[in-house]
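A.B. asks: Next up is a structure, given as structure tokens.
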Number of protein chains: 2
Amino acid sequence: MLSQHYKDMCNSASVIRALSVYATERGKEIGYENVFDYTLGNPSVPVPDAFNDAIIDILKTKSSAEAHGYSPNPGNPEVRSIVADSLKRRFGLPYEQKHIFMTSAAASAIAHAVRCVAAPGDEVLTFAPHFPEYYPYINETGAILRTVPAQTEDFQINFEEFEKMMNPKVQAVLINTPNNPTGAAYSAETLKKLAAVLLAKQDEYGHEIFIISDEPYREIVFDNAETPYVSAFYDNTLSCYSFSKSLSIPGERIGYLAVNPKAKDADMIVPMCVQISRGTGHNCPSSVIQQAVGRCIDMTSDLKVYEKNMNILYDELKALGFEVVRPSGTFYIFPRALEDDANAFCEKAKKYDLIMVPSDSFGVKGYFRMAYCIETEKVERSIPVLRRFVEETYR
Amino acid sequence: MLSQHYKDMCNSASVIRALSVYATERGKEIGYENVFDYTLGNPSVPVPDAFNDAIIDILKTKSSAEAHGYSPNPGNPEVRSIVADSLKRRFGLPYEQKHIFMTSAAASAIAHAVRCVAAPGDEVLTFAPHFPEYYPYINETGAILRTVPAQTEDFQINFEEFEKMMNPKVQAVLINTPNNPTGAAYSAETLKKLAAVLLAKQDEYGHEIFIISDEPYREIVFDNAETPYVSAFYDNTLSCYSFSKSLSIPGERIGYLAVNPKAKDADMIVPMCVQISRGTGHNCPSSVIQQAVGRCIDMTSDLKVYEKNMNILYDELKALGFEVVRPSGTFYIFPRALEDDANAFCEKAKKYDLIMVPSDSFGVKGYFRMAYCIETEKVERSIPVLRRFVEETYR
């Protein structure tokens, strides 16, 4: 008998995907170059040549079994060591191979992390606004995702609301910095305060509380800054990384889970992930792709275009009177809509072929997200249209 | 708090893996060429050149976004069509793109199939002997795997025991033909009888019962025969395929789930798989690897060596007086041990550096599995050793 649960889920369509499909369809009518499609977080800059060269070299120089044979369950050992060494060098934590579990990008890393630390019925807290997929990621494990209201002034953490929601059932806090959809990165101060609250609550409740840190945008940071590395602030941290955005390879489904070496039972967590895999049907990411990211570990695509796009949009949005927090990274910006109903706002924008995502599905009302991982030339062409939309609709 | 469930699972070591590790360690002492390692089902023949050439061509001729960008959740549409066309052409069922869901090999296809058709508490039946991983594959979803005792004369289905175990809680039957560990393939007669039983039980219980057909060895068939295609015998069939063995690319984690177009709600099942993925953290297999298998869809590695190895082993085992069913395919053979305790038998063989897997973890006692996906030269060298082992130990 077909599962009613999954049948029902089919009816909950993604707003982002629906708008993206609309943009593509509209493109067929008027030419896609005339649709200002700010819907999807799909990297626009190309993969570094070195990544493709690495794949070709592996195929040409390695034996069939070395290139395409089974990886051990936690991933290619050499690649895991390369990842550990890179994290150690960059962030000063004593990572070793045994702390790294290779995954099908951040989604899979989170799927493993949650199951490691939260049983069915346990609670996981996250902070609004957040990536809508956090709901299935957490709730489909049987744990329960609860959302702390946003601190909209700066999109740091609303500690008052957070502390109100903490309770002994909370086993994990899921954070995302730099953040989709706001582009905000948590400051060192925010992370210190978060760590202090969690340490106190661990004592109070008598059990560990883990941070699951979703970090696909770690490398996309503006103003030559570095995002504070979450795990450096709190031992019980599981870092979930994806190479999708840093190397522009979202279709290759490659990332890792990195266990803070000082986490409770740190050496147990990767073996537990292996067990989790047996039930979820994930085993390993592609062998060739693992080896290729191993060879490009500290490399990124040319990510500067995102900062350029951000600056153009931010300046114009400010000039037009939008309330907007300047992104510290990612390729998203999250301004307040010009009316309370963000859906109505985005519907009106659609008439100008400006396709933007209303904030409701991110867990906040009254905002909208623009994903500016598109060509700068198109961002520039969208500016007079945005201006016209605002002037004709809201002046 | 770390999950006690997954901690406990860490203690249940795989017998196959332990023996494989032993063989590798022993190889360090005496030279791996002197260890007759029949433990692992890891393909020994190389990938076809066309597969590597396809990857290189995709990297050199496609844009970064075409090569490495996000696939839609059910997989690359073009590749799904290629798979559907191939199945249609080969097996005469009217597959279309919408019936194909690309997966991380057969493990992931089964993970999706089970969740589609069995809810927690439901039963799934399988037939001994079977791949040991079927336990976590099924039980970790909350459904319950129950094993029908083997029909050891020919490793077809023991219908008497099967019908005794059927009950209204059974939502699916998981089969594997050609079979790991026996090498037996279900005959058309067996599949007809299975279909008849299931059709009658569907009527009796008033709900569908699905066949989940695990088919990674579909292409490895001996005597120029073809394995009867399960889905052609029973409409409510979900075929779970892997390219791991046919193309010798087990590390690339690529396969698919194919929904019989006449299955109940056939058009719903791929969308349901997409929903299931959201909770398990799988999204898609690698984009490049999907496209490469699309270009090699009806190709295989040179699989003839497996038949050659099988014939050498089968003839010798018969000559030595083993009770053994001649494999119809795969790269496994499953003789009866020369004493009731297969573990003791395999321990004694180890003294001769013959490393074989006792049958207990496959759900049958008193047999052993030899995985002969190794070089023919080594199979030949193992024959006098096998002879000496048997003569010195059991004569």
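Scheme for the structure tokens: letters A, B, ... for chains in order shown; per-chain residue numbers from 1; ligand numbers from 1 in order shown.
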Can you move chain B onto chain A by a least-squares fit over all C-alpha atoms paired in order, then give me the moved copy as a compact mmCIF listing (two decimals) with C-alpha atoms, in the first residue's frame?
C.D. replies:
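The new file result_3.txt reads:
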# COMPACT_ATOMS: atom_id res chain seq x y z
CA MET B 1 0.01 -0.08 0.06
CA LEU B 2 1.48 3.31 -0.86
CA SER B 3 2.47 5.48 2.08
CA GLN B 4 -0.16 8.14 2.80
CA HIS B 5 2.48 10.22 4.55
CA TYR B 6 4.65 10.65 1.45
CA LYS B 7 1.59 11.04 -0.79
CA ASP B 8 0.48 13.95 1.41
CA MET B 9 3.95 15.50 1.30
CA CYS B 10 3.70 15.64 -2.50
CA ASN B 11 1.00 18.27 -2.14
CA SER B 12 3.21 20.70 -0.21
CA ALA B 13 4.85 22.41 -3.16
CA SER B 14 7.96 24.54 -2.65
CA VAL B 15 7.30 28.25 -3.19
CA ILE B 16 10.86 28.78 -4.39
CA ARG B 17 10.61 26.02 -6.96
CA ALA B 18 7.19 27.21 -8.17
CA LEU B 19 8.58 30.72 -8.73
CA SER B 20 11.64 29.33 -10.47
CA VAL B 21 9.42 27.30 -12.81
CA TYR B 22 7.37 30.45 -13.45
CA ALA B 23 10.55 32.38 -14.32
CA THR B 24 11.64 29.69 -16.75
CA GLU B 25 8.20 29.56 -18.41
CA ARG B 26 8.05 33.34 -18.62
CA GLY B 27 11.50 33.25 -20.22
CA LYS B 28 10.07 31.11 -23.02
CA GLU B 29 7.59 33.91 -23.77
CA ILE B 30 9.76 37.01 -23.58
CA GLY B 31 13.31 35.62 -23.65
CA TYR B 32 14.93 34.49 -20.43
CA GLU B 33 17.37 37.42 -20.63
CA ASN B 34 14.39 39.68 -19.97
CA VAL B 35 13.29 37.83 -16.82
CA PHE B 36 15.02 39.11 -13.68
CA ASP B 37 15.09 35.72 -12.03
CA TYR B 38 16.23 36.15 -8.43
CA THR B 39 14.69 32.86 -7.26
CA LEU B 40 17.27 30.10 -7.05
CA GLY B 41 20.55 29.70 -5.19
CA ASN B 42 22.17 28.03 -8.15
CA PRO B 43 25.81 29.21 -8.52
CA SER B 44 26.39 31.18 -11.71
CA VAL B 45 30.19 31.30 -11.75
CA PRO B 46 31.93 28.34 -13.38
CA VAL B 47 33.78 25.54 -11.61
CA PRO B 48 37.56 26.12 -11.41
CA ASP B 49 39.37 24.45 -14.31
CA ALA B 50 41.50 22.65 -11.72
CA PHE B 51 38.49 20.62 -10.62
CA ASN B 52 37.76 19.25 -14.09
CA ASP B 53 41.48 18.75 -14.66
CA ALA B 54 41.66 16.75 -11.43
CA ILE B 55 38.87 14.43 -12.57
CA ILE B 56 40.51 13.89 -15.95
CA ASP B 57 43.87 13.21 -14.33
CA ILE B 58 42.32 10.67 -11.92
CA LEU B 59 40.61 8.87 -14.82
CA LYS B 60 43.79 8.83 -16.89
CA THR B 61 46.33 7.87 -14.23
CA LYS B 62 44.53 5.73 -11.67
CA SER B 63 43.44 2.13 -12.07
CA SER B 64 39.74 1.44 -12.54
CA ALA B 65 39.48 0.18 -8.95
CA GLU B 66 41.31 3.22 -7.54
CA ALA B 67 39.14 5.63 -9.50
CA HIS B 68 35.76 3.89 -9.30
CA GLY B 69 36.01 1.20 -6.59
CA TYR B 70 34.14 1.22 -3.29
CA SER B 71 35.21 3.84 -0.79
CA PRO B 72 35.20 2.73 2.82
CA ASN B 73 31.86 3.80 4.33
CA PRO B 74 33.08 7.03 5.97
CA GLY B 75 34.69 8.13 2.71
CA ASN B 76 38.03 7.97 0.93
CA PRO B 77 40.64 7.93 3.76
CA GLU B 78 43.11 10.14 1.92
CA VAL B 79 40.42 12.73 1.16
CA ARG B 80 39.22 12.67 4.77
CA SER B 81 42.79 13.42 5.89
CA ILE B 82 43.06 16.27 3.40
CA VAL B 83 39.82 17.77 4.74
CA ALA B 84 40.98 17.38 8.35
CA ASP B 85 44.36 18.98 7.60
CA SER B 86 42.73 21.90 5.84
CA LEU B 87 40.30 22.58 8.69
CA LYS B 88 43.12 22.27 11.20
CA ARG B 89 45.31 24.69 9.30
CA ARG B 90 42.52 27.21 8.73
CA PHE B 91 40.69 27.11 12.02
CA GLY B 92 43.20 25.76 14.54
CA LEU B 93 41.22 22.77 15.80
CA PRO B 94 43.05 19.42 16.00
CA TYR B 95 40.95 17.59 13.41
CA GLU B 96 42.10 14.17 12.27
CA GLN B 97 40.85 11.82 9.58
CA LYS B 98 38.61 10.04 12.10
CA HIS B 99 36.57 13.21 12.63
CA ILE B 100 35.55 13.57 8.99
CA PHE B 101 32.61 11.81 7.34
CA MET B 102 32.16 12.41 3.60
CA THR B 103 28.55 13.12 2.58
CA SER B 104 26.28 13.93 -0.32
CA ALA B 105 26.62 17.67 0.35
CA ALA B 106 25.29 19.53 3.40
CA ALA B 107 21.80 18.00 3.19
CA SER B 108 23.22 14.59 3.86
CA ALA B 109 25.62 15.90 6.52
CA ILE B 110 22.65 17.39 8.39
CA ALA B 111 20.66 14.16 7.95
CA HIS B 112 23.45 12.28 9.70
CA ALA B 113 24.13 14.91 12.35
CA VAL B 114 20.51 15.11 13.47
CA ARG B 115 20.16 11.35 13.79
CA CYS B 116 23.40 11.22 15.82
CA VAL B 117 22.17 13.60 18.49
CA ALA B 118 18.36 13.72 18.47
CA ALA B 119 15.97 10.80 18.91
CA PRO B 120 12.33 10.82 17.78
CA GLY B 121 10.39 13.19 20.02
CA ASP B 122 13.45 15.31 20.87
CA GLU B 123 13.50 18.96 19.89
CA VAL B 124 15.86 20.81 17.58
CA LEU B 125 15.78 24.60 17.62
CA THR B 126 16.65 26.83 14.71
CA PHE B 127 16.45 30.57 14.13
CA ALA B 128 14.15 32.39 11.74
CA PRO B 129 14.56 33.12 8.95
CA HIS B 130 15.89 29.76 7.77
CA PHE B 131 16.13 27.47 4.74
CA PRO B 132 12.64 25.92 4.37
CA GLU B 133 14.04 22.42 3.88
CA TYR B 134 15.05 22.36 7.55
CA TYR B 135 11.50 21.18 8.27
CA PRO B 136 11.74 17.88 6.37
CA TYR B 137 15.43 17.51 7.28
CA ILE B 138 14.53 17.45 10.97
CA ASN B 139 10.90 16.41 11.21
CA GLU B 140 11.28 13.39 8.94
CA THR B 141 13.72 11.89 11.46
CA GLY B 142 11.00 11.97 14.11
CA ALA B 143 12.63 14.85 15.97
CA ILE B 144 10.75 18.15 16.07
CA LEU B 145 12.01 21.42 14.60
CA ARG B 146 10.99 24.56 16.47
CA THR B 147 11.84 28.03 15.21
CA VAL B 148 13.08 30.90 17.37
CA PRO B 149 11.63 34.21 16.09
CA ALA B 150 13.99 36.43 14.12
CA GLN B 151 15.93 39.42 15.36
CA THR B 152 15.16 41.49 12.30
CA GLU B 153 17.39 44.50 13.13
CA ASP B 154 20.55 42.58 12.29
CA PHE B 155 19.57 38.89 11.86
CA GLN B 156 21.81 37.89 14.72
CA ILE B 157 20.25 35.68 17.44
CA ASN B 158 17.21 36.77 19.43
CA PHE B 159 18.54 35.47 22.75
CA GLU B 160 15.51 36.43 24.78
CA GLU B 161 13.19 34.33 22.65
CA PHE B 162 15.83 31.60 22.37
CA GLU B 163 16.17 31.19 26.12
CA LYS B 164 12.40 31.11 26.51
CA MET B 165 12.22 28.19 24.08
CA MET B 166 15.08 26.19 25.59
CA ASN B 167 13.91 23.14 27.53
CA PRO B 168 15.30 19.72 28.46
CA LYS B 169 13.94 18.15 25.26
CA VAL B 170 16.24 20.31 23.13
CA GLN B 171 19.15 18.13 21.98
CA ALA B 172 20.47 20.31 19.20
CA VAL B 173 20.51 23.81 17.79
CA LEU B 174 20.71 24.09 14.02
CA ILE B 175 22.38 27.27 12.76
CA ASN B 176 23.38 28.55 9.34
CA THR B 177 26.06 31.22 9.08
CA PRO B 178 26.44 33.00 6.69
CA ASN B 179 22.72 32.64 6.41
CA ASN B 180 20.30 31.72 3.69
CA PRO B 181 18.10 33.83 3.20
CA THR B 182 19.56 36.92 4.96
CA GLY B 183 23.23 36.86 4.03
CA ALA B 184 24.01 37.74 7.66
CA ALA B 185 26.94 36.01 9.37
CA TYR B 186 26.97 35.47 13.10
CA SER B 187 29.52 37.68 14.82
CA ALA B 188 32.08 36.27 17.24
CA GLU B 189 30.08 37.98 19.97
CA THR B 190 26.88 36.17 18.96
CA LEU B 191 28.67 32.83 18.87
CA LYS B 192 30.27 33.41 22.27
CA LYS B 193 26.92 34.23 23.78
CA LEU B 194 25.29 31.20 22.11
CA ALA B 195 28.04 28.95 23.48
CA ALA B 196 27.61 30.39 26.98
CA VAL B 197 23.86 29.76 26.94
CA LEU B 198 24.32 26.18 25.71
CA LEU B 199 27.05 25.39 28.24
CA ALA B 200 24.79 26.61 31.04
CA LYS B 201 21.83 24.63 29.70
CA GLN B 202 23.95 21.47 29.32
CA ASP B 203 24.76 21.77 33.01
CA GLU B 204 21.19 22.52 33.95
CA TYR B 205 19.68 19.64 31.92
CA GLY B 206 22.48 17.13 32.53
CA HIS B 207 22.91 16.21 28.87
CA GLU B 208 24.87 17.48 25.88
CA ILE B 209 23.29 19.93 23.49
CA PHE B 210 24.94 19.91 20.07
CA ILE B 211 25.27 22.70 17.56
CA ILE B 212 24.61 21.46 14.05
CA SER B 213 26.29 24.12 11.95
CA ASP B 214 25.17 24.27 8.32
CA GLU B 215 28.02 25.98 6.46
CA PRO B 216 27.61 25.82 2.67
CA TYR B 217 28.34 29.55 2.37
CA ARG B 218 31.44 29.57 4.57
CA GLU B 219 33.68 30.62 1.68
CA ILE B 220 31.39 33.35 0.32
CA VAL B 221 32.20 36.26 2.62
CA PHE B 222 32.45 39.94 1.70
CA ASP B 223 34.80 42.84 2.56
CA ASN B 224 37.77 40.44 2.77
CA ALA B 225 36.41 39.28 6.11
CA GLU B 226 36.34 35.71 7.44
CA THR B 227 33.23 34.22 8.97
CA PRO B 228 33.90 33.23 12.57
CA TYR B 229 34.21 29.42 12.55
CA VAL B 230 31.39 28.09 14.70
CA SER B 231 33.14 25.00 16.00
CA ALA B 232 35.95 27.13 17.47
CA PHE B 233 33.42 28.62 19.90
CA TYR B 234 31.71 25.46 21.17
CA ASP B 235 33.09 21.94 21.51
CA ASN B 236 29.89 19.98 20.88
CA THR B 237 29.66 21.16 17.28
CA LEU B 238 29.06 19.15 14.14
CA SER B 239 30.01 21.22 11.07
CA CYS B 240 28.05 20.39 7.92
CA TYR B 241 29.83 21.52 4.81
CA SER B 242 29.08 21.45 1.09
CA PHE B 243 31.37 22.18 -1.86
CA SER B 244 28.26 23.11 -3.91
CA LYS B 245 28.68 26.87 -3.62
CA SER B 246 32.42 27.22 -3.06
CA LEU B 247 33.32 25.18 -6.17
CA SER B 248 30.06 25.72 -8.11
CA ILE B 249 29.30 22.00 -8.22
CA PRO B 250 25.86 21.65 -6.60
CA GLY B 251 24.94 18.73 -8.85
CA GLU B 252 27.93 16.68 -7.69
CA ARG B 253 26.47 16.30 -4.19
CA ILE B 254 29.67 16.45 -2.20
CA GLY B 255 30.41 17.70 1.28
CA TYR B 256 31.30 16.44 4.73
CA LEU B 257 30.44 16.35 8.38
CA ALA B 258 33.34 17.46 10.63
CA VAL B 259 33.17 16.49 14.29
CA ASN B 260 34.85 18.91 16.69
CA PRO B 261 37.70 16.82 18.15
CA LYS B 262 36.72 17.97 21.64
CA ALA B 263 33.04 17.04 21.26
CA LYS B 264 31.58 14.49 23.64
CA ASP B 265 32.58 11.03 22.38
CA ALA B 266 34.12 12.67 19.30
CA ASP B 267 35.63 9.39 18.09
CA MET B 268 32.24 7.64 18.14
CA ILE B 269 30.39 10.03 15.88
CA VAL B 270 31.80 9.05 12.48
CA PRO B 271 31.21 5.33 13.19
CA MET B 272 27.65 6.25 14.19
CA CYS B 273 27.22 8.09 10.87
CA VAL B 274 28.25 4.90 9.09
CA GLN B 275 25.46 3.06 10.91
CA ILE B 276 22.95 5.79 10.08
CA SER B 277 23.85 5.46 6.38
CA ARG B 278 22.81 1.83 6.37
CA GLY B 279 19.24 2.84 7.08
CA THR B 280 18.98 5.90 4.86
CA GLY B 281 20.44 4.25 1.76
CA HIS B 282 23.27 6.72 1.47
CA ASN B 283 26.66 5.14 1.46
CA CYS B 284 29.19 7.52 0.09
CA PRO B 285 29.45 10.32 -2.43
CA SER B 286 30.98 9.43 -5.80
CA SER B 287 34.54 8.13 -5.53
CA VAL B 288 35.88 10.26 -8.39
CA ILE B 289 34.20 13.40 -7.08
CA GLN B 290 35.59 12.81 -3.58
CA GLN B 291 39.09 12.51 -4.95
CA ALA B 292 38.67 15.61 -7.11
CA VAL B 293 37.57 17.81 -4.18
CA GLY B 294 40.51 16.41 -2.24
CA ARG B 295 42.79 17.88 -4.88
CA CYS B 296 40.99 21.26 -4.81
CA ILE B 297 40.49 21.51 -1.08
CA ASP B 298 41.51 25.14 -0.53
CA MET B 299 40.34 26.38 -3.90
CA THR B 300 37.14 28.19 -4.79
CA SER B 301 35.42 29.42 -7.91
CA ASP B 302 35.88 33.12 -8.60
CA LEU B 303 33.34 34.25 -5.99
CA LYS B 304 33.97 38.01 -6.29
CA VAL B 305 31.01 38.48 -8.61
CA TYR B 306 28.61 37.82 -5.74
CA GLU B 307 30.04 40.71 -3.73
CA LYS B 308 29.82 42.98 -6.75
CA ASN B 309 26.16 42.03 -7.31
CA MET B 310 25.41 42.49 -3.62
CA ASN B 311 26.85 46.00 -3.57
CA ILE B 312 24.84 47.06 -6.61
CA LEU B 313 21.61 45.71 -5.13
CA TYR B 314 22.24 46.89 -1.58
CA ASP B 315 23.03 50.46 -2.62
CA GLU B 316 19.96 50.65 -4.84
CA LEU B 317 17.63 49.09 -2.29
CA LYS B 318 18.85 51.60 0.33
CA ALA B 319 18.43 54.45 -2.12
CA LEU B 320 14.87 53.31 -2.81
CA GLY B 321 14.13 53.39 0.92
CA PHE B 322 14.10 49.66 1.63
CA GLU B 323 14.88 48.52 5.15
CA VAL B 324 17.68 46.02 4.57
CA VAL B 325 20.58 44.44 6.46
CA ARG B 326 23.78 44.51 4.44
CA PRO B 327 24.81 40.86 3.78
CA SER B 328 28.17 39.70 5.13
CA GLY B 329 28.26 36.81 2.68
CA THR B 330 26.29 34.25 0.59
CA PHE B 331 24.50 35.35 -2.57
CA TYR B 332 21.26 36.37 -0.89
CA ILE B 333 19.79 39.63 0.32
CA PHE B 334 16.63 39.89 2.42
CA PRO B 335 14.97 43.32 2.41
CA ARG B 336 11.73 44.22 4.10
CA ALA B 337 8.85 44.36 1.61
CA LEU B 338 7.10 47.67 0.99
CA GLU B 339 3.84 46.30 2.32
CA ASP B 340 3.11 43.88 5.16
CA ASP B 341 2.08 41.07 2.84
CA ALA B 342 5.27 39.88 1.17
CA ASN B 343 3.30 37.60 -1.14
CA ALA B 344 1.32 40.55 -2.49
CA PHE B 345 4.56 42.52 -2.86
CA CYS B 346 6.24 39.75 -4.86
CA GLU B 347 3.11 39.23 -6.98
CA LYS B 348 3.20 42.90 -7.96
CA ALA B 349 6.92 42.69 -8.74
CA LYS B 350 6.22 39.74 -11.04
CA LYS B 351 4.33 42.10 -13.36
CA TYR B 352 7.72 43.76 -13.96
CA ASP B 353 9.37 40.39 -14.50
CA LEU B 354 11.19 40.80 -11.21
CA ILE B 355 10.95 37.33 -9.71
CA MET B 356 11.70 37.34 -5.97
CA VAL B 357 10.75 34.97 -3.16
CA PRO B 358 8.39 36.10 -0.39
CA SER B 359 9.70 35.40 3.10
CA ASP B 360 6.87 33.34 4.57
CA SER B 361 8.40 29.95 3.79
CA PHE B 362 11.61 31.10 5.54
CA GLY B 363 9.63 31.54 8.77
CA VAL B 364 9.33 35.37 8.77
CA LYS B 365 6.56 37.52 7.33
CA GLY B 366 6.98 40.77 5.39
CA TYR B 367 10.38 40.26 3.73
CA PHE B 368 11.59 38.89 0.43
CA ARG B 369 14.72 37.09 -0.76
CA MET B 370 16.75 37.92 -3.84
CA ALA B 371 19.29 35.29 -4.92
CA TYR B 372 21.86 37.31 -6.86
CA CYS B 373 24.00 34.44 -8.15
CA ILE B 374 23.29 35.71 -11.64
CA GLU B 375 25.30 37.75 -14.12
CA THR B 376 26.23 41.28 -13.03
CA GLU B 377 25.03 42.60 -16.37
CA LYS B 378 21.54 41.31 -15.56
CA VAL B 379 21.65 42.73 -12.04
CA GLU B 380 22.52 46.10 -13.57
CA ARG B 381 19.69 45.86 -16.09
CA SER B 382 17.25 45.01 -13.30
CA ILE B 383 17.96 48.24 -11.40
CA PRO B 384 15.85 50.64 -13.49
CA VAL B 385 13.08 48.01 -13.53
CA LEU B 386 13.17 47.74 -9.75
CA ARG B 387 13.08 51.52 -9.52
CA ARG B 388 10.10 51.73 -11.87
CA PHE B 389 8.27 48.96 -9.97
CA VAL B 390 8.72 50.76 -6.65
CA GLU B 391 7.82 54.19 -7.98
CA GLU B 392 4.74 53.08 -9.87
CA THR B 393 3.47 50.78 -7.14
CA TYR B 394 4.37 52.42 -3.84
CA ARG B 395 4.75 56.17 -4.45
A.B. asks: Taking the DSSP assignment computed from this structure's backbone, write out as a PyMOL selection string all residues of range 120-258 of chain B that belong to strand (DSSP E).
C.D. replies: chain B and resi 123-127+144-148+170-176+210-214+237-242+255-258
A.B. asks: Assign secondary structure with DSSP using the backbone only, and return the residues of range 160-235 of chain B in alpha helix (DSSP H) as a PyMOL selection string.
C.D. replies: chain B and resi 160-165+188-205
